file protein-v7.txt (compact mmCIF, C-alpha atoms)
# COMPACT_ATOMS: atom_id res chain seq x y z
CA MET A 263 -9.69 39.25 -58.60
CA HIS A 264 -11.69 37.25 -56.15
CA VAL A 265 -10.38 33.73 -55.89
CA VAL A 266 -13.31 31.36 -55.71
CA VAL A 267 -11.39 28.47 -54.28
CA ASP A 268 -8.20 29.02 -52.40
CA PRO A 269 -5.81 26.50 -53.95
CA LYS A 270 -4.29 24.86 -50.89
CA PRO A 271 -2.10 21.95 -51.92
CA SER A 272 -1.99 20.36 -48.50
CA VAL A 273 -3.66 20.30 -45.13
CA VAL A 274 -0.97 21.29 -42.72
CA VAL A 275 -1.87 20.16 -39.23
CA SER A 276 1.16 20.16 -37.02
CA THR A 277 -0.06 21.49 -33.69
CA PRO A 278 -3.07 20.74 -31.48
CA ARG A 279 -4.06 24.39 -31.88
CA GLN A 280 -4.26 23.99 -35.66
CA LEU A 281 -6.24 20.79 -35.20
CA LEU A 282 -8.68 22.68 -32.96
CA GLY A 283 -9.01 25.29 -35.70
CA LEU A 284 -10.53 22.62 -37.96
CA LEU A 285 -13.28 21.68 -35.51
CA PRO A 286 -15.87 24.45 -36.20
CA GLY A 287 -15.78 23.79 -39.94
CA LEU A 288 -15.85 20.03 -39.45
CA ALA A 289 -18.88 20.39 -37.18
CA LEU A 290 -20.61 22.51 -39.83
CA LEU A 291 -19.83 19.91 -42.54
CA ALA A 292 -21.27 17.18 -40.30
CA LEU A 293 -24.35 19.27 -39.43
CA VAL A 294 -25.17 20.20 -43.04
CA GLY A 295 -24.44 16.68 -44.29
CA TYR A 296 -26.53 15.04 -41.60
CA ALA A 297 -29.36 17.52 -42.20
CA GLY A 298 -29.37 16.24 -45.80
CA LYS A 299 -29.52 12.61 -44.69
CA PHE A 300 -32.19 13.40 -42.09
CA THR A 301 -34.31 15.19 -44.71
CA GLU A 302 -34.15 12.24 -47.12
CA GLN A 303 -35.12 9.80 -44.37
CA SER A 304 -37.88 12.05 -43.02
CA ILE A 305 -39.50 12.48 -46.43
CA ALA A 306 -39.35 8.72 -47.03
CA ALA A 307 -40.83 8.00 -43.58
CA TYR A 308 -43.60 10.57 -44.12
CA GLY A 309 -44.48 9.06 -47.49
CA LYS A 310 -44.57 5.56 -46.01
CA ALA A 311 -46.69 6.60 -43.01
CA HIS A 312 -49.21 8.43 -45.20
CA HIS A 313 -49.13 5.92 -48.08
CA LEU A 314 -47.86 8.58 -50.45
CA THR A 315 -45.49 8.04 -53.36
CA LEU A 316 -43.01 10.87 -52.89
CA PRO A 317 -39.99 11.34 -55.16
CA ASN A 318 -36.86 9.97 -53.51
CA ILE A 319 -34.48 12.90 -53.43
CA GLU A 320 -31.11 11.60 -52.25
CA TYR A 321 -29.32 13.09 -49.24
CA VAL A 322 -26.57 14.06 -51.70
CA LEU A 323 -28.72 16.77 -53.25
CA TRP A 324 -30.12 17.95 -49.91
CA ALA A 325 -26.64 18.27 -48.40
CA ILE A 326 -25.40 20.29 -51.38
CA VAL A 327 -28.52 22.49 -51.44
CA PHE A 328 -28.37 23.17 -47.68
CA GLY A 329 -24.68 24.03 -48.02
CA LEU A 330 -25.42 26.37 -50.93
CA ILE A 331 -28.17 28.09 -48.95
CA VAL A 332 -25.89 28.66 -45.95
CA SER A 333 -22.91 29.93 -47.97
CA ASN A 334 -24.93 32.16 -50.31
CA THR A 335 -27.33 33.72 -47.81
CA ILE A 336 -25.88 34.15 -44.32
CA GLY A 337 -22.38 33.33 -45.54
CA VAL A 338 -19.68 31.25 -43.88
CA PRO A 339 -17.70 33.05 -41.12
CA ARG A 340 -13.91 32.78 -41.29
CA ILE A 341 -13.73 30.50 -38.27
CA PHE A 342 -15.40 27.71 -40.27
CA GLU A 343 -13.25 28.02 -43.40
CA ARG A 344 -10.30 25.81 -42.47
CA GLY A 345 -12.52 22.94 -41.43
CA ILE A 346 -14.70 23.24 -44.54
CA ASP A 347 -11.55 23.14 -46.69
CA THR A 348 -11.05 19.55 -45.53
CA TYR A 349 -13.97 18.42 -47.71
CA GLU A 350 -11.55 17.35 -50.43
CA PHE A 351 -9.60 15.32 -47.87
CA TRP A 352 -12.84 13.51 -46.93
CA LEU A 353 -13.54 12.89 -50.61
CA LYS A 354 -10.16 11.19 -51.05
CA THR A 355 -10.53 9.25 -47.80
CA GLY A 356 -13.97 8.10 -48.97
CA ILE A 357 -12.55 6.98 -52.31
CA VAL A 358 -9.76 4.96 -50.64
CA LEU A 359 -12.34 3.29 -48.35
CA LEU A 360 -14.61 2.62 -51.33
CA GLY A 361 -11.86 0.38 -52.69
CA VAL A 362 -13.29 -2.32 -50.39
CA ARG A 363 -16.35 -2.60 -52.66
CA PHE A 364 -14.28 -3.41 -55.73
CA LEU A 365 -12.55 -6.67 -56.55
CA LEU A 366 -9.14 -6.01 -58.04
CA GLY A 367 -10.17 -7.87 -61.21
CA ASP A 368 -13.11 -5.49 -61.66
CA VAL A 369 -10.81 -2.53 -61.09
CA GLY A 370 -8.51 -3.90 -63.81
CA ARG A 371 -11.33 -4.74 -66.24
CA LEU A 372 -13.50 -1.65 -65.75
CA GLY A 373 -10.43 0.50 -65.19
CA GLY A 374 -9.16 -0.80 -68.54
CA VAL A 375 -12.42 0.11 -70.30
CA SER A 376 -12.31 3.46 -68.50
CA LEU A 377 -8.70 4.00 -69.52
CA VAL A 378 -9.48 3.54 -73.22
CA CYS A 379 -12.44 5.92 -72.87
CA VAL A 380 -10.28 8.32 -70.82
CA ALA A 381 -7.62 8.40 -73.54
CA LEU A 382 -10.25 9.29 -76.16
CA GLU A 383 -11.92 11.76 -73.80
CA LEU A 384 -8.58 13.50 -73.14
CA LEU A 385 -7.92 13.98 -76.85
CA VAL A 386 -11.44 15.21 -77.52
CA SER A 387 -11.67 17.65 -74.62
CA ILE A 388 -8.21 19.11 -75.15
CA ALA A 389 -8.95 19.64 -78.86
CA VAL A 390 -12.42 21.09 -78.21
CA MET A 391 -11.33 23.40 -75.39
CA THR A 392 -8.30 24.65 -77.34
CA ALA A 393 -10.45 25.44 -80.39
CA LEU A 394 -13.09 27.18 -78.27
CA GLY A 395 -10.50 29.16 -76.31
CA ARG A 396 -9.10 30.50 -79.59
CA PHE A 397 -12.58 31.26 -80.94
CA PHE A 398 -13.56 33.21 -77.80
CA ARG A 399 -10.10 34.86 -77.74
CA LEU A 400 -9.16 33.76 -74.23
CA SER A 401 -5.51 34.08 -73.23
CA PRO A 402 -3.46 31.03 -74.34
CA LYS A 403 -2.62 30.03 -70.75
CA LEU A 404 -6.23 30.34 -69.61
CA THR A 405 -7.15 28.14 -72.57
CA SER A 406 -4.50 25.61 -71.49
CA LEU A 407 -5.86 25.62 -67.92
CA LEU A 408 -9.45 25.14 -69.10
CA ALA A 409 -8.37 22.30 -71.39
CA ILE A 410 -6.49 20.62 -68.53
CA GLY A 411 -9.41 21.16 -66.13
CA ALA A 412 -11.95 19.80 -68.59
CA SER A 413 -9.85 16.84 -69.69
CA ILE A 414 -8.76 15.48 -66.30
CA CYS A 415 -9.96 16.47 -62.91
CA GLY A 416 -11.07 20.01 -62.60
CA VAL A 417 -9.72 22.02 -59.74
CA SER A 418 -6.77 19.84 -58.67
CA ALA A 419 -5.58 19.57 -62.27
CA ILE A 420 -5.76 23.33 -62.73
CA ILE A 421 -3.84 23.90 -59.49
CA ALA A 422 -1.24 21.30 -60.51
CA ALA A 423 -0.88 22.88 -63.94
CA LYS A 424 -0.85 26.48 -62.73
CA GLY A 425 2.64 26.14 -61.27
CA ALA A 426 3.93 23.94 -64.07
CA ILE A 427 2.99 26.33 -66.90
CA GLU A 428 3.47 29.48 -64.77
CA ALA A 429 -0.03 30.81 -65.37
CA ASP A 430 -1.42 33.95 -63.70
CA ASP A 431 -3.54 33.79 -60.54
CA ASP A 432 -6.33 35.47 -62.50
CA ASP A 433 -6.31 32.80 -65.20
CA ALA A 434 -6.31 30.00 -62.61
CA SER A 435 -9.13 31.70 -60.74
CA TYR A 436 -11.17 32.06 -63.95
CA ALA A 437 -10.60 28.45 -64.94
CA ILE A 438 -11.49 27.16 -61.46
CA ALA A 439 -14.66 29.27 -61.39
CA ALA A 440 -15.72 27.99 -64.80
CA ILE A 441 -15.08 24.34 -63.87
CA LEU A 442 -16.96 24.73 -60.56
CA ALA A 443 -19.91 26.47 -62.21
CA ILE A 444 -20.13 23.71 -64.80
CA GLY A 445 -19.86 21.13 -62.01
CA ALA A 446 -22.86 22.68 -60.27
CA ILE A 447 -24.87 22.56 -63.52
CA SER A 448 -23.77 18.94 -64.12
CA LEU A 449 -25.25 17.87 -60.77
CA LEU A 450 -28.69 18.81 -62.03
CA VAL A 451 -28.41 17.87 -65.68
CA PHE A 452 -26.59 14.51 -65.72
CA PRO A 453 -29.00 12.52 -63.49
CA LEU A 454 -31.96 13.87 -65.50
CA ILE A 455 -30.40 12.79 -68.81
CA GLY A 456 -29.34 9.44 -67.34
CA HIS A 457 -32.89 8.67 -66.20
CA ALA A 458 -34.43 9.99 -69.43
CA LEU A 459 -32.20 7.67 -71.48
CA GLY A 460 -32.83 4.74 -69.14
CA MET A 461 -29.09 4.20 -68.66
CA THR A 462 -27.78 1.30 -66.56
CA ASP A 463 -25.88 2.05 -63.34
CA ASN A 464 -22.58 1.01 -64.92
CA ALA A 465 -22.99 2.99 -68.12
CA TYR A 466 -24.22 6.10 -66.29
CA GLY A 467 -21.43 5.88 -63.69
CA LEU A 468 -18.80 5.54 -66.39
CA TRP A 469 -20.28 8.47 -68.32
CA VAL A 470 -20.35 10.75 -65.27
CA GLY A 471 -16.81 9.71 -64.32
CA LEU A 472 -15.62 10.67 -67.80
CA ALA A 473 -17.64 13.81 -68.41
CA VAL A 474 -17.96 15.60 -65.05
CA ASP A 475 -14.71 17.39 -64.32
CA ASN A 476 -14.34 17.85 -60.61
CA THR A 477 -14.03 14.64 -58.58
CA ALA A 478 -16.41 15.80 -55.84
CA GLU A 479 -19.12 16.72 -58.35
CA ALA A 480 -18.57 13.51 -60.34
CA THR A 481 -18.98 11.46 -57.14
CA ALA A 482 -22.12 13.41 -56.22
CA ALA A 483 -23.64 13.22 -59.72
CA GLY A 484 -23.06 9.45 -59.69
CA ALA A 485 -24.54 8.98 -56.22
CA LEU A 486 -27.59 11.05 -57.21
CA PHE A 487 -28.44 8.36 -59.78
CA SER A 488 -27.84 5.32 -57.57
CA ASP A 489 -25.37 3.83 -55.10
CA ALA A 490 -23.91 1.52 -57.74
CA ALA A 491 -23.65 4.33 -60.29
CA GLY A 492 -21.80 6.38 -57.66
CA ARG A 493 -19.22 3.61 -57.28
CA PHE A 494 -18.68 3.33 -61.04
CA ALA A 495 -18.41 7.10 -61.33
CA VAL A 496 -15.67 7.06 -58.68
CA LEU A 497 -13.79 4.27 -60.47
CA ALA A 498 -13.93 5.98 -63.86
CA LYS A 499 -13.02 9.35 -62.35
CA THR A 500 -10.14 7.85 -60.37
CA THR A 501 -8.77 6.32 -63.58
CA ARG A 502 -9.03 9.73 -65.20
CA ASN A 503 -7.31 11.39 -62.23
CA ALA A 504 -4.41 8.96 -62.54
CA THR A 505 -3.52 10.50 -65.90
CA ILE A 506 -3.09 13.98 -64.43
CA GLY A 507 0.72 13.86 -64.42
CA PHE A 508 1.00 12.99 -68.11
CA VAL A 509 -1.30 15.76 -69.30
CA VAL A 510 0.24 18.41 -67.02
CA LEU A 511 3.73 17.27 -68.10
CA GLY A 512 2.69 17.57 -71.75
CA TYR A 513 1.51 21.13 -71.20
CA ALA A 514 4.57 22.01 -69.10
CA LEU A 515 6.86 20.83 -71.92
CA TYR A 516 4.76 22.68 -74.50
CA TRP A 517 5.01 25.98 -72.60
CA ALA A 518 8.70 25.43 -71.82
CA ARG A 519 9.36 25.01 -75.55
CA LYS A 520 7.51 28.26 -76.22
CA GLY A 521 9.64 29.97 -73.54
CA GLY A 522 6.59 30.60 -71.32
CA ALA A 523 7.60 28.30 -68.44
CA ALA A 524 10.67 26.68 -66.91
CA ASP A 525 11.84 23.39 -68.41
CA VAL A 526 11.09 20.12 -66.62
CA ALA A 527 14.43 18.63 -65.60
CA ASN A 528 13.38 15.25 -64.21
CA LYS A 529 10.26 13.96 -65.94
CA ALA A 530 9.86 10.83 -63.78
CA ALA A 531 10.03 12.90 -60.58
CA PHE A 532 7.53 15.34 -62.10
CA LEU A 533 5.08 12.52 -62.92
CA TRP A 534 5.36 11.08 -59.41
CA GLN A 535 4.92 14.51 -57.83
CA LYS A 536 1.69 15.14 -59.76
CA PHE A 537 0.32 11.61 -59.39
CA PRO A 538 -2.75 11.53 -57.08
CA LYS A 539 -1.50 9.26 -54.28
CA PHE A 540 -4.98 8.38 -53.01
CA VAL A 541 -5.37 6.25 -56.15
CA LEU A 542 -2.67 3.98 -54.66
CA GLY A 543 -4.70 3.75 -51.45
CA PHE A 544 -7.82 2.82 -53.43
CA VAL A 545 -5.98 0.03 -55.28
CA LEU A 546 -4.37 -1.16 -52.00
CA VAL A 547 -7.71 -1.45 -50.16
CA SER A 548 -9.28 -3.13 -53.17
CA GLY A 549 -6.37 -5.60 -53.32
CA VAL A 550 -6.61 -6.44 -49.63
CA ALA A 551 -10.40 -6.92 -49.92
CA THR A 552 -9.92 -9.16 -52.98
CA ALA A 553 -7.48 -11.30 -50.99
CA GLY A 554 -10.35 -12.07 -48.58
CA PHE A 555 -8.91 -10.08 -45.68
CA PHE A 556 -12.36 -8.86 -44.53
CA SER A 557 -15.56 -10.57 -43.47
CA LYS A 558 -18.87 -9.47 -45.00
CA PRO A 559 -19.87 -7.31 -41.99
CA GLN A 560 -16.42 -5.69 -42.05
CA ILE A 561 -16.83 -4.84 -45.74
CA ALA A 562 -20.22 -3.30 -44.92
CA ASP A 563 -18.64 -1.28 -42.09
CA ILE A 564 -15.85 0.07 -44.30
CA ALA A 565 -18.34 0.91 -47.06
CA ASN A 566 -20.45 2.80 -44.50
CA LEU A 567 -17.39 4.74 -43.32
CA SER A 568 -16.85 5.69 -46.95
CA ARG A 569 -20.46 6.95 -47.13
CA TRP A 570 -19.93 9.16 -44.07
CA ALA A 571 -16.77 10.59 -45.62
CA PHE A 572 -18.72 11.38 -48.81
CA LEU A 573 -21.49 12.96 -46.73
CA LEU A 574 -18.96 15.53 -45.45
CA THR A 575 -17.73 16.04 -49.02
CA PHE A 576 -21.19 16.79 -50.40
CA ALA A 577 -21.85 19.30 -47.61
CA GLY A 578 -18.49 20.89 -48.47
CA ILE A 579 -19.39 21.24 -52.17
CA GLY A 580 -22.37 23.40 -51.23
CA LEU A 581 -20.57 25.37 -48.54
CA ARG A 582 -17.60 26.17 -50.82
CA THR A 583 -19.66 27.24 -53.85
CA ASN A 584 -20.05 31.01 -53.97
CA LEU A 585 -22.58 31.76 -56.69
CA ALA A 586 -21.96 35.54 -56.62
CA ALA A 587 -18.20 35.02 -57.05
CA ILE A 588 -18.82 32.69 -59.99
CA ALA A 589 -21.13 35.27 -61.58
CA ARG A 590 -18.42 37.94 -61.18
CA GLN A 591 -15.93 35.94 -63.25
CA GLY A 592 -17.51 37.02 -66.53
CA TRP A 593 -19.27 35.02 -69.19
CA ARG A 594 -16.52 34.10 -71.67
CA PRO A 595 -14.59 31.43 -69.71
CA LEU A 596 -17.95 30.05 -68.61
CA ALA A 597 -19.22 30.00 -72.20
CA VAL A 598 -16.09 28.15 -73.34
CA GLY A 599 -16.56 25.72 -70.46
CA VAL A 600 -20.25 25.10 -71.05
CA VAL A 601 -20.00 24.69 -74.83
CA GLY A 602 -16.91 22.49 -74.43
CA GLU A 603 -18.55 20.35 -71.76
CA VAL A 604 -21.71 19.83 -73.81
CA VAL A 605 -19.59 18.60 -76.73
CA VAL A 606 -17.46 16.38 -74.45
CA ALA A 607 -20.55 15.02 -72.64
CA ALA A 608 -22.23 14.17 -75.96
CA LEU A 609 -19.12 12.46 -77.35
CA THR A 610 -18.44 10.49 -74.16
CA LEU A 611 -22.11 9.45 -74.11
CA ALA A 612 -21.69 8.07 -77.62
CA MET A 613 -18.50 6.28 -76.48
CA ILE A 614 -20.30 4.76 -73.48
CA ALA A 615 -23.15 3.59 -75.70
CA GLY A 616 -20.56 1.74 -77.79
CA ALA A 617 -18.64 0.40 -74.77
CA ALA A 618 -21.79 -0.59 -72.88
CA GLN A 619 -22.82 -3.07 -75.55
CA ARG A 620 -19.49 -4.89 -75.52
CA PHE A 621 -17.83 -4.47 -72.14
CA LEU A 622 -20.23 -3.39 -69.42
CA PRO A 623 -22.31 -5.94 -67.51
CA MET B 228 8.07 18.03 -43.64
CA THR B 229 4.36 18.21 -44.45
CA LEU B 230 2.28 15.46 -45.97
CA SER B 231 -0.03 16.19 -48.88
CA ARG B 232 -3.78 15.85 -48.50
CA ASP B 233 -3.58 12.69 -50.63
CA TRP B 234 -1.20 10.94 -48.26
CA TRP B 235 -3.24 12.01 -45.24
CA ALA B 236 -6.32 10.49 -46.89
CA VAL B 237 -4.46 7.21 -47.48
CA ILE B 238 -3.16 7.14 -43.87
CA VAL B 239 -6.52 7.94 -42.26
CA ALA B 240 -8.41 5.47 -44.48
CA THR B 241 -5.83 2.73 -43.85
CA ALA B 242 -6.05 3.34 -40.09
CA ALA B 243 -9.86 3.13 -40.26
CA VAL B 244 -9.65 -0.11 -42.26
CA LEU B 245 -7.27 -1.62 -39.68
CA LEU B 246 -9.55 -0.56 -36.80
CA VAL B 247 -12.47 -2.30 -38.53
CA LYS B 248 -10.34 -5.40 -39.09
CA LEU B 249 -9.30 -5.45 -35.41
CA GLY B 250 -12.92 -5.06 -34.34
CA VAL B 251 -12.33 -1.70 -32.65
CA LEU B 252 -14.72 -0.10 -35.13
CA ALA B 253 -17.78 -2.28 -35.69
CA ARG B 254 -21.43 -2.05 -36.63
CA ILE B 255 -21.00 1.35 -38.33
CA PRO B 256 -24.53 2.58 -39.02
CA TRP B 257 -25.77 4.29 -42.15
call {"tool": "encode", "arguments": {"input": "protein-v7.txt", "output": "structure tokens"}}
result
Amino acid sequence: MHVVVDPKPSVVVSTPRQLLGLLPGLALLALVGYAGKFTEQSIAAYGKAHHLTLPNIEYVLWAIVFGLIVSNTIGVPRIFERGIDTYEFWLKTGIVLLGVRFLLGDVGRLGGVSLVCVALELLVSIAVMTALGRFFRLSPKLTSLLAIGASICGVSAIIAAKGAIEADDDDASYAIAAILAIGAISLLVFPLIGHALGMTDNAYGLWVGLAVDNTAEATAAGALFSDAAGRFAVLAKTTRNATIGFVVLGYALYWARKGGAADVANKAAFLWQKFPKFVLGFVLVSGVATAGFFSKPQIADIANLSRWAFLLTFAGIGLRTNLAAIARQGWRPLAVGVVGEVVVAALTLAMIAGAAQRFLP
Amino acid sequence: MTLSRDWWAVIVATAAVLLVKLGVLARIPW
């Protein structure tokens, strides 16, 4: 079985030699990302110079498309792989830095709205995915992995759960491929629907944060709509990510009771181990910014650093997506994923419509 | 002991924030 994404839990950089090994991939991320930004700016400048109204296609999409073209035509040589794998690290760094754009009160208020929506979304997606997995006769553990991936945060949740419920590599690989394929489709579909429905930045960002599974794709799908929508998507998605430990623990206990996995001895330690620590960084930076620690230019500088970190992430999404490998995974997990996601997206959209009227500015 | 990617992200971002606060990193373009 070809593993689409190599589940590496940590970036281990302990020697200068290993650090050097990251450089080719980092340079490629920067090149592809900057090519995306350059293309957006060039098209805008051309339109302005020639008095043309050209569609504004964000650098986000260009960076992903350029990455996809490179990885699916000429391919990515091994020497670049380690550096490209850091794209998730840049995503998390970008999210922590983005904390500067949120007042802690907003995080609490919008996070609270998100949390209620997240709780409903978790119940809905777990129920839908479990029912679909049974209908399409997927293995019970693959169904569990898809339900976890769809309900919380895609790839990291599946990797976290894989060990906890002792699932096969094949099942994890299938589930990751399905979630990534759906993420790629979401990038195209969500902004179109958001514009067609005339959604506000807040409502759209919240919807994307709840319905798009992988954090990188959720951030990109939000940023494709608007800068503000991107920030709300990150906030909603971060809230959702924070629940990862509880859902994985629930599944670990379920499989332990069925005799399919080892029991969880210390539940508090388990929750802490699975908790995404970058969420703490996000809240910390937001708290410091709320306390008035930064001047306006400093806030702008930190927000721009966050944009550069996301630029590397978006390039990484394209460079790490292997369309042929996704196609090889077979149609059934993908079918479960797509049908499940459509149902979840529709239900969360209805939830947002209700929440938007009462809670969202 | 190795740090997870999450902790590295928090450390690097915090360092960047401090450098901006100290004025070492300034006028970051976009």
call {"tool": "closest_residue", "arguments": {"input": "protein-v7.txt", "among": "A:Ala491, A:Phe576, A:Ala311, A:Val362", "to": "Ser557 in chain A", "atoms": "only C-alpha atoms"}}
result
A:Val362
call {"tool": "atom_distance", "arguments": {"input": "protein-v7.txt", "atom1": "CA of Lys424 in chain A", "atom2": "CA of Gly521 in chain A"}}
result
15.5 Å
call {"tool": "interface_residues", "arguments": {"input": "protein-v7.txt", "of": "chain B", "to": "chain A", "cutoff": "7 Å", "atoms": "all atoms listed in the file", "output": "mmCIF file with C-alpha atoms, keeping the file's coordinate frame"}}
result
data_model
loop_
_atom_site.group_PDB
_atom_site.id
_atom_site.type_symbol
_atom_site.label_atom_id
_atom_site.label_comp_id
_atom_site.auth_asym_id
_atom_site.auth_seq_id
_atom_site.Cartn_x
_atom_site.Cartn_y
_atom_site.Cartn_z
ATOM 1 C CA THR B 229 4.360 18.210 -44.450
ATOM 2 C CA LEU B 230 2.280 15.460 -45.970
ATOM 3 C CA SER B 231 -0.030 16.190 -48.880
ATOM 4 C CA ARG B 232 -3.780 15.850 -48.500
ATOM 5 C CA ASP B 233 -3.580 12.690 -50.630
ATOM 6 C CA TRP B 234 -1.200 10.940 -48.260
ATOM 7 C CA ALA B 236 -6.320 10.490 -46.890
ATOM 8 C CA VAL B 237 -4.460 7.210 -47.480
ATOM 9 C CA VAL B 239 -6.520 7.940 -42.260
ATOM 10 C CA ALA B 240 -8.410 5.470 -44.480
ATOM 11 C CA VAL B 244 -9.650 -0.110 -42.260
ATOM 12 C CA VAL B 247 -12.470 -2.300 -38.530
ATOM 13 C CA LYS B 248 -10.340 -5.400 -39.090
ATOM 14 C CA ALA B 253 -17.780 -2.280 -35.690
ATOM 15 C CA ARG B 254 -21.430 -2.050 -36.630
ATOM 16 C CA ILE B 255 -21.000 1.350 -38.330
ATOM 17 C CA PRO B 256 -24.530 2.580 -39.020
ATOM 18 C CA TRP B 257 -25.770 4.290 -42.150
#
call {"tool": "closest_residue", "arguments": {"input": "protein-v7.txt", "among": "A:Val390, A:Ala426, A:Ala597, A:Leu282", "to": "Ala527 in chain A", "atoms": "only C-alpha atoms"}}
result
A:Ala426
call {"tool": "residues_around", "arguments": {"input": "protein-v7.txt", "residues": "range 578-591 of chain A", "least_positions_apart": "2", "cutoff": "7 Å", "atoms": "all atoms listed in the file", "output": "list of chain:residue names"}}
result
A:His264, A:Val266, A:Leu291, A:Ile326, A:Val327, A:Phe328, A:Gly329, A:Leu330, A:Val332, A:Ser333, A:Asn334, A:Ile346, A:Tyr349, A:Tyr436, A:Ala439, A:Ala443, A:Leu574, A:Thr575, A:Phe576, A:Trp593
call {"tool": "axis_aligned_box", "arguments": {"input": "protein-v7.txt", "around": "range 543-558 of chain A", "padding_each_side": "6 Å", "output": "AutoDock Vina command-line options"}}
result
--center_x -11.6 --center_y -4.2 --center_z -49.4 --size_x 26.5 --size_y 27.8 --size_z 23.8
call {"tool": "closest_residue", "arguments": {"input": "protein-v7.txt", "among": "A:Gly616, A:Pro278, A:Gly337, A:Pro402", "to": "Asp430 in chain A", "atoms": "only C-alpha atoms"}}
result
A:Pro402
call {"tool": "atom_distance", "arguments": {"input": "protein-v7.txt", "atom1": "CA of Ala419 in chain A", "atom2": "CA of Val375 in chain A"}}
result
22.1 Å
call {"tool": "closest_residue", "arguments": {"input": "protein-v7.txt", "among": "A:Ile421, A:Leu404, A:Leu372, A:Leu366", "to": "Gly467 in chain A", "atoms": "only C-alpha atoms"}}
result
A:Leu372
call {"tool": "build_atoms", "arguments": {"input": "protein-v7.txt", "residues": "range 488-499 of chain A", "atoms": "N, CA and C atoms", "output": "PDB file, keeping the file's coordinate frame"}}
result
ATOM      1  N   SER A 488     -27.682   6.509 -58.417  1.00  0.00           N
ATOM      2  CA  SER A 488     -27.840   5.320 -57.570  1.00  0.00           C
ATOM      3  C   SER A 488     -26.515   5.040 -56.869  1.00  0.00           C
ATOM      4  N   ASP A 489     -26.575   4.190 -55.851  1.00  0.00           N
ATOM      5  CA  ASP A 489     -25.370   3.830 -55.100  1.00  0.00           C
ATOM      6  C   ASP A 489     -24.339   3.176 -56.028  1.00  0.00           C
ATOM      7  N   ALA A 490     -24.819   2.231 -56.838  1.00  0.00           N
ATOM      8  CA  ALA A 490     -23.910   1.520 -57.740  1.00  0.00           C
ATOM      9  C   ALA A 490     -23.308   2.465 -58.774  1.00  0.00           C
ATOM     10  N   ALA A 491     -24.148   3.366 -59.300  1.00  0.00           N
ATOM     11  CA  ALA A 491     -23.650   4.330 -60.290  1.00  0.00           C
ATOM     12  C   ALA A 491     -22.575   5.224 -59.650  1.00  0.00           C
ATOM     13  N   GLY A 492     -22.780   5.560 -58.381  1.00  0.00           N
ATOM     14  CA  GLY A 492     -21.800   6.380 -57.660  1.00  0.00           C
ATOM     15  C   GLY A 492     -20.450   5.678 -57.607  1.00  0.00           C
ATOM     16  N   ARG A 493     -20.483   4.353 -57.369  1.00  0.00           N
ATOM     17  CA  ARG A 493     -19.220   3.610 -57.280  1.00  0.00           C
ATOM     18  C   ARG A 493     -18.514   3.580 -58.640  1.00  0.00           C
ATOM     19  N   PHE A 494     -19.292   3.375 -59.707  1.00  0.00           N
ATOM     20  CA  PHE A 494     -18.680   3.330 -61.040  1.00  0.00           C
ATOM     21  C   PHE A 494     -18.148   4.710 -61.437  1.00  0.00           C
ATOM     22  N   ALA A 495     -18.876   5.740 -61.028  1.00  0.00           N
ATOM     23  CA  ALA A 495     -18.410   7.100 -61.330  1.00  0.00           C
ATOM     24  C   ALA A 495     -17.057   7.339 -60.659  1.00  0.00           C
ATOM     25  N   VAL A 496     -16.925   6.887 -59.408  1.00  0.00           N
ATOM     26  CA  VAL A 496     -15.670   7.060 -58.680  1.00  0.00           C
ATOM     27  C   VAL A 496     -14.544   6.293 -59.372  1.00  0.00           C
ATOM     28  N   LEU A 497     -14.839   5.070 -59.822  1.00  0.00           N
ATOM     29  CA  LEU A 497     -13.790   4.270 -60.470  1.00  0.00           C
ATOM     30  C   LEU A 497     -13.322   4.925 -61.770  1.00  0.00           C
ATOM     31  N   ALA A 498     -14.298   5.357 -62.582  1.00  0.00           N
ATOM     32  CA  ALA A 498     -13.930   5.980 -63.860  1.00  0.00           C
ATOM     33  C   ALA A 498     -13.174   7.291 -63.610  1.00  0.00           C
ATOM     34  N   LYS A 499     -13.651   8.049 -62.623  1.00  0.00           N
ATOM     35  CA  LYS A 499     -13.020   9.350 -62.350  1.00  0.00           C
ATOM     36  C   LYS A 499     -11.614   9.152 -61.775  1.00  0.00           C
TER      37      LYS A 499
END
